[in-house]
Amino acid sequence: DTGVSQNPRHKITKRGQNVTFRCDPISEHNRLYWYRQTLGQGPEFLTYFQNEAQLEKSRLLSDRFSAERPKGSFSTLEIQRTEQGDSAMYLCASSPWGGGPTDTQYFGPGTRLTVL
Amino acid sequence: AQSVTQLGSHVSVSEGALVLLRCNYSSSVPPYLFWYVQYPNQGLQLLLKYTSAATLVKGINGFEAEFKKSETSFHLTKPSAHMSDAAEYFCAVSEPGGSYIPTFGRGTSLIVHP
């Protein structure tokens with residue numbers, strides 16, 4: 001069990017460029033979550049997957065944001081046409097089963113995005 | 001809709017002193033409540049959670065929290081602060097019966113002075 005990993009850890013991009021982040025969950029974890037965290041705020045939920053199915057995506061911030069988990073293992077979060085307001089830490093978490101009181105989310109270290 | 005309020009963006013204590021981090025929640029149903037800790041350049045780590053069993057919940061690193069329905073509170077305490085406790089602490093709430101997606105508070109930065 002190596003924990004949740006995220007790559008890259010840091011990304012600097014110019015406004016208008018597309019960026020993609022990768023999250024590798026703990027092996028065999030069914031659920032995978034994406035959050036955004038801005039300075040001085042708690043994590044803000046974006047979307048989540050149960051295996052390869054994306055069960056909630058209405059909280060994605062705009063149609064420039066999209067996420068995939070094609071084989072139910074790793075996931076990618078893409079932001080198209082980045083804006084300076086997208087600068088934030090993007091967190092990924094995974095949990096071992098389908099939710100409930102005993103389920104625990106394990107967080108990765110995050111990807112820090114800076115849009116110039 | 002569920003929400004949490006963390007009173008105080010920064011709390012400063014001396015090493016060995018009592019730690020008290022405040023969290024009040026709002027929920028339309030009996031909630032599940034969580035405390036997470038985030039050390040610099042690391043992901044969030046679960047400290048403890050309340051899921052409608054015992055109202056006094058013990059977590060890792062000597063932390064505990066008490067669910068008080070009448071006060072809609074879930075304050076985090078530790079009898080004696082260590083320098084290594086300096087970190088950002090987040091309270092979160094989720095509502096059972098749905099997707100269990102937690103809503104996080106804004107966080108409280110704990111500063112420990114020698």
# chains A, B, ... in the order shown; residues from 1 in each chain; ligands from 1

call {"tool": "interface_residues", "arguments": {"of": "chain B", "to": "chain A", "cutoff": "7 Å", "atoms": "only C-alpha atoms", "output": "compact mmCIF listing (two decimals) with N, CA, C and O atoms, in the first residue's frame"}}
result
# COMPACT_ATOMS: atom_id res chain seq x y z
N ASN B 41 2.67 20.50 2.63
CA ASN B 41 3.04 19.72 1.45
C ASN B 41 2.60 18.26 1.53
O ASN B 41 3.18 17.40 0.86
N GLN B 42 1.59 17.99 2.32
CA GLN B 42 1.05 16.64 2.42
C GLN B 42 -0.45 16.65 2.21
O GLN B 42 -1.10 17.70 2.30
N GLY B 43 -1.00 15.48 1.94
CA GLY B 43 -2.44 15.36 1.80
C GLY B 43 -3.13 15.34 3.15
O GLY B 43 -2.48 15.30 4.20
N LEU B 44 -4.44 15.42 3.12
CA LEU B 44 -5.22 15.38 4.36
C LEU B 44 -5.20 13.96 4.94
O LEU B 44 -5.26 12.97 4.22
N GLN B 45 -5.15 13.90 6.26
CA GLN B 45 -5.15 12.62 6.96
C GLN B 45 -6.29 12.63 7.97
O GLN B 45 -6.47 13.60 8.70
N THR B 51 -19.82 8.63 13.66
CA THR B 51 -20.80 8.03 12.76
C THR B 51 -21.98 7.48 13.55
O THR B 51 -22.46 6.38 13.27
N PHE B 90 -9.03 20.50 9.57
CA PHE B 90 -10.30 20.70 8.87
C PHE B 90 -11.38 19.84 9.49
O PHE B 90 -11.20 18.64 9.70
N SER B 99 -24.60 10.31 -0.99
CA SER B 99 -23.31 9.89 -1.55
C SER B 99 -22.18 9.95 -0.54
O SER B 99 -21.07 9.55 -0.85
N TYR B 100 -22.47 10.46 0.66
CA TYR B 100 -21.48 10.56 1.73
C TYR B 100 -20.32 11.48 1.37
O TYR B 100 -19.26 11.39 1.96
N PHE B 104 -16.30 20.42 3.69
CA PHE B 104 -15.23 20.81 4.60
C PHE B 104 -15.40 22.25 5.07
O PHE B 104 -15.92 23.11 4.34
N GLY B 105 -14.92 22.50 6.29
CA GLY B 105 -14.80 23.86 6.76
C GLY B 105 -13.57 24.52 6.18
O GLY B 105 -12.80 23.90 5.43
N ARG B 106 -13.37 25.79 6.55
CA ARG B 106 -12.26 26.57 5.97
C ARG B 106 -10.92 26.24 6.60
O ARG B 106 -9.88 26.67 6.10
N GLY B 107 -10.94 25.51 7.70
CA GLY B 107 -9.69 25.10 8.32
C GLY B 107 -9.26 26.04 9.44
O GLY B 107 -9.59 27.23 9.46

call {"tool": "residues_around", "arguments": {"residues": "Ser80 (chain B)", "least_positions_apart": "2", "cutoff": "12 Å", "atoms": "only C-alpha atoms", "output": "MDAnalysis selection string"}}
result
chainID B and resid 13:20 61:64 77:78 82:85 112

call {"tool": "residues_around", "arguments": {"residues": "Tyr36 (chain B)", "least_positions_apart": "4", "cutoff": "9 Å", "atoms": "only C-alpha atoms", "output": "PDB file with N, CA, C and O atoms, in the first residue's frame"}}
result
ATOM      1  N   LEU B  44      -4.443  15.418   3.124  1.00  0.00           N
ATOM      2  CA  LEU B  44      -5.216  15.380   4.356  1.00  0.00           C
ATOM      3  C   LEU B  44      -5.200  13.960   4.941  1.00  0.00           C
ATOM      4  O   LEU B  44      -5.255  12.973   4.216  1.00  0.00           O
ATOM      5  N   GLN B  45      -5.153  13.903   6.255  1.00  0.00           N
ATOM      6  CA  GLN B  45      -5.149  12.620   6.960  1.00  0.00           C
ATOM      7  C   GLN B  45      -6.294  12.631   7.970  1.00  0.00           C
ATOM      8  O   GLN B  45      -6.466  13.600   8.704  1.00  0.00           O
ATOM      9  N   LEU B  46      -7.064  11.551   8.000  1.00  0.00           N
ATOM     10  CA  LEU B  46      -8.185  11.484   8.920  1.00  0.00           C
ATOM     11  C   LEU B  46      -7.688  11.332  10.353  1.00  0.00           C
ATOM     12  O   LEU B  46      -6.900  10.447  10.669  1.00  0.00           O
ATOM     13  N   LEU B  47      -8.165  12.238  11.225  1.00  0.00           N
ATOM     14  CA  LEU B  47      -7.855  12.151  12.648  1.00  0.00           C
ATOM     15  C   LEU B  47      -8.874  11.297  13.389  1.00  0.00           C
ATOM     16  O   LEU B  47      -8.523  10.459  14.201  1.00  0.00           O
ATOM     17  N   LEU B  48     -10.156  11.560  13.115  1.00  0.00           N
ATOM     18  CA  LEU B  48     -11.226  10.829  13.773  1.00  0.00           C
ATOM     19  C   LEU B  48     -12.531  11.116  13.055  1.00  0.00           C
ATOM     20  O   LEU B  48     -12.615  12.052  12.261  1.00  0.00           O
ATOM     21  N   LYS B  49     -13.542  10.280  13.367  1.00  0.00           N
ATOM     22  CA  LYS B  49     -14.852  10.501  12.761  1.00  0.00           C
ATOM     23  C   LYS B  49     -15.950  10.043  13.705  1.00  0.00           C
ATOM     24  O   LYS B  49     -15.771   9.114  14.499  1.00  0.00           O
ATOM     25  N   GLU B  88      -2.629  22.338   9.725  1.00  0.00           N
ATOM     26  CA  GLU B  88      -3.960  22.847   9.403  1.00  0.00           C
ATOM     27  C   GLU B  88      -4.960  21.743   9.719  1.00  0.00           C
ATOM     28  O   GLU B  88      -4.755  20.581   9.351  1.00  0.00           O
ATOM     29  N   TYR B  89      -6.047  22.113  10.389  1.00  0.00           N
ATOM     30  CA  TYR B  89      -7.061  21.141  10.785  1.00  0.00           C
ATOM     31  C   TYR B  89      -8.390  21.510  10.140  1.00  0.00           C
ATOM     32  O   TYR B  89      -8.815  22.667  10.178  1.00  0.00           O
ATOM     33  N   PHE B  90      -9.026  20.497   9.570  1.00  0.00           N
ATOM     34  CA  PHE B  90     -10.295  20.704   8.873  1.00  0.00           C
ATOM     35  C   PHE B  90     -11.384  19.843   9.491  1.00  0.00           C
ATOM     36  O   PHE B  90     -11.203  18.642   9.699  1.00  0.00           O
ATOM     37  N   CYS B  91     -12.515  20.470   9.753  1.00  0.00           N
ATOM     38  CA  CYS B  91     -13.712  19.769  10.169  1.00  0.00           C
ATOM     39  C   CYS B  91     -14.569  19.542   8.924  1.00  0.00           C
ATOM     40  O   CYS B  91     -14.582  20.384   8.014  1.00  0.00           O
ATOM     41  N   ALA B  92     -15.255  18.402   8.864  1.00  0.00           N
ATOM     42  CA  ALA B  92     -16.086  18.096   7.703  1.00  0.00           C
ATOM     43  C   ALA B  92     -17.357  17.386   8.146  1.00  0.00           C
ATOM     44  O   ALA B  92     -17.373  16.698   9.175  1.00  0.00           O
TER      45      ALA B  92
END

call {"tool": "residues_around", "arguments": {"residues": "Arg31 (chain A)", "least_positions_apart": "2", "cutoff": "6 Å", "atoms": "only C-alpha atoms", "output": "list in words"}}
result
His29, Phe49, Gln50, Ser94 and Ser95 of chain A

call {"tool": "write_last_selection", "arguments": {"atoms": "all heavy atoms", "output": "PDB file, in the first residue's frame"}}
result
ATOM      1  N   HIS A  29      -9.050   0.314  -4.474  1.00  0.00           N
ATOM      2  CA  HIS A  29     -10.051   1.252  -3.969  1.00  0.00           C
ATOM      3  C   HIS A  29     -11.077   1.518  -5.066  1.00  0.00           C
ATOM      4  O   HIS A  29     -10.730   1.847  -6.202  1.00  0.00           O
ATOM      5  CB  HIS A  29      -9.406   2.569  -3.517  1.00  0.00           C
ATOM      6  CG  HIS A  29      -8.893   2.515  -2.128  1.00  0.00           C
ATOM      7  ND1 HIS A  29      -8.564   3.651  -1.416  1.00  0.00           N
ATOM      8  CD2 HIS A  29      -8.679   1.489  -1.291  1.00  0.00           C
ATOM      9  CE1 HIS A  29      -8.169   3.316  -0.211  1.00  0.00           C
ATOM     10  NE2 HIS A  29      -8.216   1.995  -0.106  1.00  0.00           N
ATOM     11  N   PHE A  49     -15.866   9.058  -8.742  1.00  0.00           N
ATOM     12  CA  PHE A  49     -16.085   7.847  -9.520  1.00  0.00           C
ATOM     13  C   PHE A  49     -16.287   6.654  -8.589  1.00  0.00           C
ATOM     14  O   PHE A  49     -15.652   6.555  -7.536  1.00  0.00           O
ATOM     15  CB  PHE A  49     -14.864   7.537 -10.410  1.00  0.00           C
ATOM     16  CG  PHE A  49     -14.600   8.564 -11.470  1.00  0.00           C
ATOM     17  CD1 PHE A  49     -13.875   9.709 -11.181  1.00  0.00           C
ATOM     18  CD2 PHE A  49     -15.082   8.383 -12.762  1.00  0.00           C
ATOM     19  CE1 PHE A  49     -13.624  10.656 -12.152  1.00  0.00           C
ATOM     20  CE2 PHE A  49     -14.840   9.324 -13.748  1.00  0.00           C
ATOM     21  CZ  PHE A  49     -14.104  10.465 -13.437  1.00  0.00           C
ATOM     22  N   GLN A  50     -17.189   5.793  -9.000  1.00  0.00           N
ATOM     23  CA  GLN A  50     -17.329   4.477  -8.396  1.00  0.00           C
ATOM     24  C   GLN A  50     -16.858   3.508  -9.484  1.00  0.00           C
ATOM     25  O   GLN A  50     -17.534   3.346 -10.505  1.00  0.00           O
ATOM     26  CB  GLN A  50     -18.770   4.198  -8.013  1.00  0.00           C
ATOM     27  CG  GLN A  50     -19.020   2.809  -7.448  1.00  0.00           C
ATOM     28  CD  GLN A  50     -18.780   2.714  -5.962  1.00  0.00           C
ATOM     29  OE1 GLN A  50     -18.746   3.733  -5.276  1.00  0.00           O
ATOM     30  NE2 GLN A  50     -18.619   1.512  -5.456  1.00  0.00           N
ATOM     31  N   SER A  94      -9.059   8.529  -2.456  1.00  0.00           N
ATOM     32  CA  SER A  94      -9.721   7.268  -2.794  1.00  0.00           C
ATOM     33  C   SER A  94     -10.228   6.610  -1.521  1.00  0.00           C
ATOM     34  O   SER A  94      -9.761   6.912  -0.417  1.00  0.00           O
ATOM     35  CB  SER A  94      -8.778   6.333  -3.548  1.00  0.00           C
ATOM     36  OG  SER A  94      -7.715   5.869  -2.736  1.00  0.00           O
ATOM     37  N   SER A  95     -11.213   5.746  -1.682  1.00  0.00           N
ATOM     38  CA  SER A  95     -11.737   4.996  -0.546  1.00  0.00           C
ATOM     39  C   SER A  95     -12.044   3.580  -0.997  1.00  0.00           C
ATOM     40  O   SER A  95     -12.302   3.334  -2.172  1.00  0.00           O
ATOM     41  CB  SER A  95     -12.969   5.686   0.041  1.00  0.00           C
ATOM     42  OG  SER A  95     -14.045   5.676  -0.869  1.00  0.00           O
TER      43      SER A  95
END

call {"tool": "residues_around", "arguments": {"residues": "Ser73 (chain B)", "least_positions_apart": "2", "cutoff": "9 Å", "atoms": "only C-alpha atoms", "output": "list in words"}}
result
Arg22, Cys23, Asn24, Tyr25, Glu66, Phe67, Lys68, Lys69, Ser70, Glu71 and His75 of chain B

call {"tool": "write_last_selection", "arguments": {"atoms": "N, CA, C and O atoms", "output": "short mmCIF file (atom, residue, chain, number, x, y, z; two decimals), in the first residue's frame"}}
result
data_model
loop_
_atom_site.label_atom_id
_atom_site.label_comp_id
_atom_site.auth_asym_id
_atom_site.auth_seq_id
_atom_site.Cartn_x
_atom_site.Cartn_y
_atom_site.Cartn_z
N ARG B 22 -12.54 24.59 17.36
CA ARG B 22 -14.00 24.60 17.37
C ARG B 22 -14.59 24.32 15.99
O ARG B 22 -14.08 24.80 14.98
N CYS B 23 -15.68 23.55 16.02
CA CYS B 23 -16.40 23.24 14.79
C CYS B 23 -17.88 23.16 15.10
O CYS B 23 -18.30 22.43 16.02
N ASN B 24 -18.69 23.91 14.38
CA ASN B 24 -20.13 23.82 14.46
C ASN B 24 -20.67 23.41 13.09
O ASN B 24 -20.16 23.84 12.06
N TYR B 25 -21.69 22.59 13.09
CA TYR B 25 -22.19 22.05 11.84
C TYR B 25 -23.66 22.42 11.65
O TYR B 25 -24.36 22.79 12.59
N GLU B 66 -15.98 15.54 20.75
CA GLU B 66 -17.26 15.16 21.32
C GLU B 66 -18.39 15.73 20.49
O GLU B 66 -18.44 16.93 20.23
N PHE B 67 -19.30 14.86 20.08
CA PHE B 67 -20.49 15.28 19.34
C PHE B 67 -21.54 15.76 20.34
O PHE B 67 -21.95 15.01 21.24
N LYS B 68 -21.96 17.02 20.19
CA LYS B 68 -23.01 17.58 21.05
C LYS B 68 -24.13 18.05 20.15
O LYS B 68 -24.07 19.14 19.56
N LYS B 69 -25.19 17.25 20.11
CA LYS B 69 -26.31 17.56 19.22
C LYS B 69 -26.99 18.87 19.62
O LYS B 69 -27.35 19.67 18.75
N SER B 70 -27.14 19.09 20.93
CA SER B 70 -27.85 20.29 21.38
C SER B 70 -27.11 21.57 21.00
O SER B 70 -27.72 22.62 20.84
N GLU B 71 -25.80 21.46 20.86
CA GLU B 71 -25.00 22.63 20.50
C GLU B 71 -24.57 22.59 19.03
O GLU B 71 -23.86 23.49 18.60
N HIS B 75 -16.25 19.80 18.59
CA HIS B 75 -14.95 20.44 18.85
C HIS B 75 -13.85 19.39 19.05
O HIS B 75 -14.08 18.34 19.66
#

call {"tool": "atom_distance", "arguments": {"atom1": "CA of Thr103 (chain B)", "atom2": "CA of Ser28 (chain B)"}}
result
13.5 Å

call {"tool": "closest_residue", "arguments": {"among": "B:Lys58, B:Ala81, B:Ala53, B:Ser27", "to": "Leu110 (chain B)", "atoms": "only C-alpha atoms"}}
result
B:Ala81

call {"tool": "select_by_dssp", "arguments": {"residues": "chain A", "states": "strand (DSSP E)", "output": "number ranges by chain"}}
result
A: 5-7, 10-13, 19-24, 31-37, 44-50, 53-56, 65-68, 75-79, 88-95, 106-107, 111-115

call {"tool": "residues_around", "arguments": {"residues": "Phe21 (chain A)", "least_positions_apart": "4", "cutoff": "12 Å", "atoms": "only C-alpha atoms", "output": "list in words"}}
result
Ser5, Gln6, Asn7, Pro8, Arg9, His10, Lys11, Trp34, Phe65, Ser66, Ala67, Glu68, Arg69, Phe74, Ser75, Thr76, Leu77, Glu78, Ile79, Gln80, Met89, Tyr90, Leu91, Cys92, Gly110, Thr111, Arg112 and Leu113 of chain A

call {"tool": "residues_around", "arguments": {"residues": "Ser94 (chain B)", "least_positions_apart": "6", "cutoff": "7 Å", "atoms": "only C-alpha atoms", "output": "NGL selection string"}}
result
:B and (2 or 31-33 or 100-103)

call {"tool": "write_last_selection", "arguments": {"atoms": "C-alpha atoms", "output": "PDB file, in the first residue's frame"}}
result
ATOM      1  CA  GLN B   2     -24.853  20.553   5.089  1.00  0.00           C
ATOM      2  CA  PRO B  31     -24.700  13.866  10.385  1.00  0.00           C
ATOM      3  CA  TYR B  32     -21.422  12.098  10.116  1.00  0.00           C
ATOM      4  CA  LEU B  33     -18.588  14.351  11.282  1.00  0.00           C
ATOM      5  CA  TYR B 100     -21.476  10.557   1.729  1.00  0.00           C
ATOM      6  CA  ILE B 101     -19.471  13.327   0.084  1.00  0.00           C
ATOM      7  CA  PRO B 102     -18.091  15.496   2.892  1.00  0.00           C
ATOM      8  CA  THR B 103     -18.336  19.285   3.055  1.00  0.00           C
TER       9      THR B 103
END

call {"tool": "closest_residue", "arguments": {"among": "A:Thr82, A:Thr114, A:Pro96, A:Asn30", "to": "Gln17 (chain A)", "atoms": "only C-alpha atoms"}}
result
A:Thr82
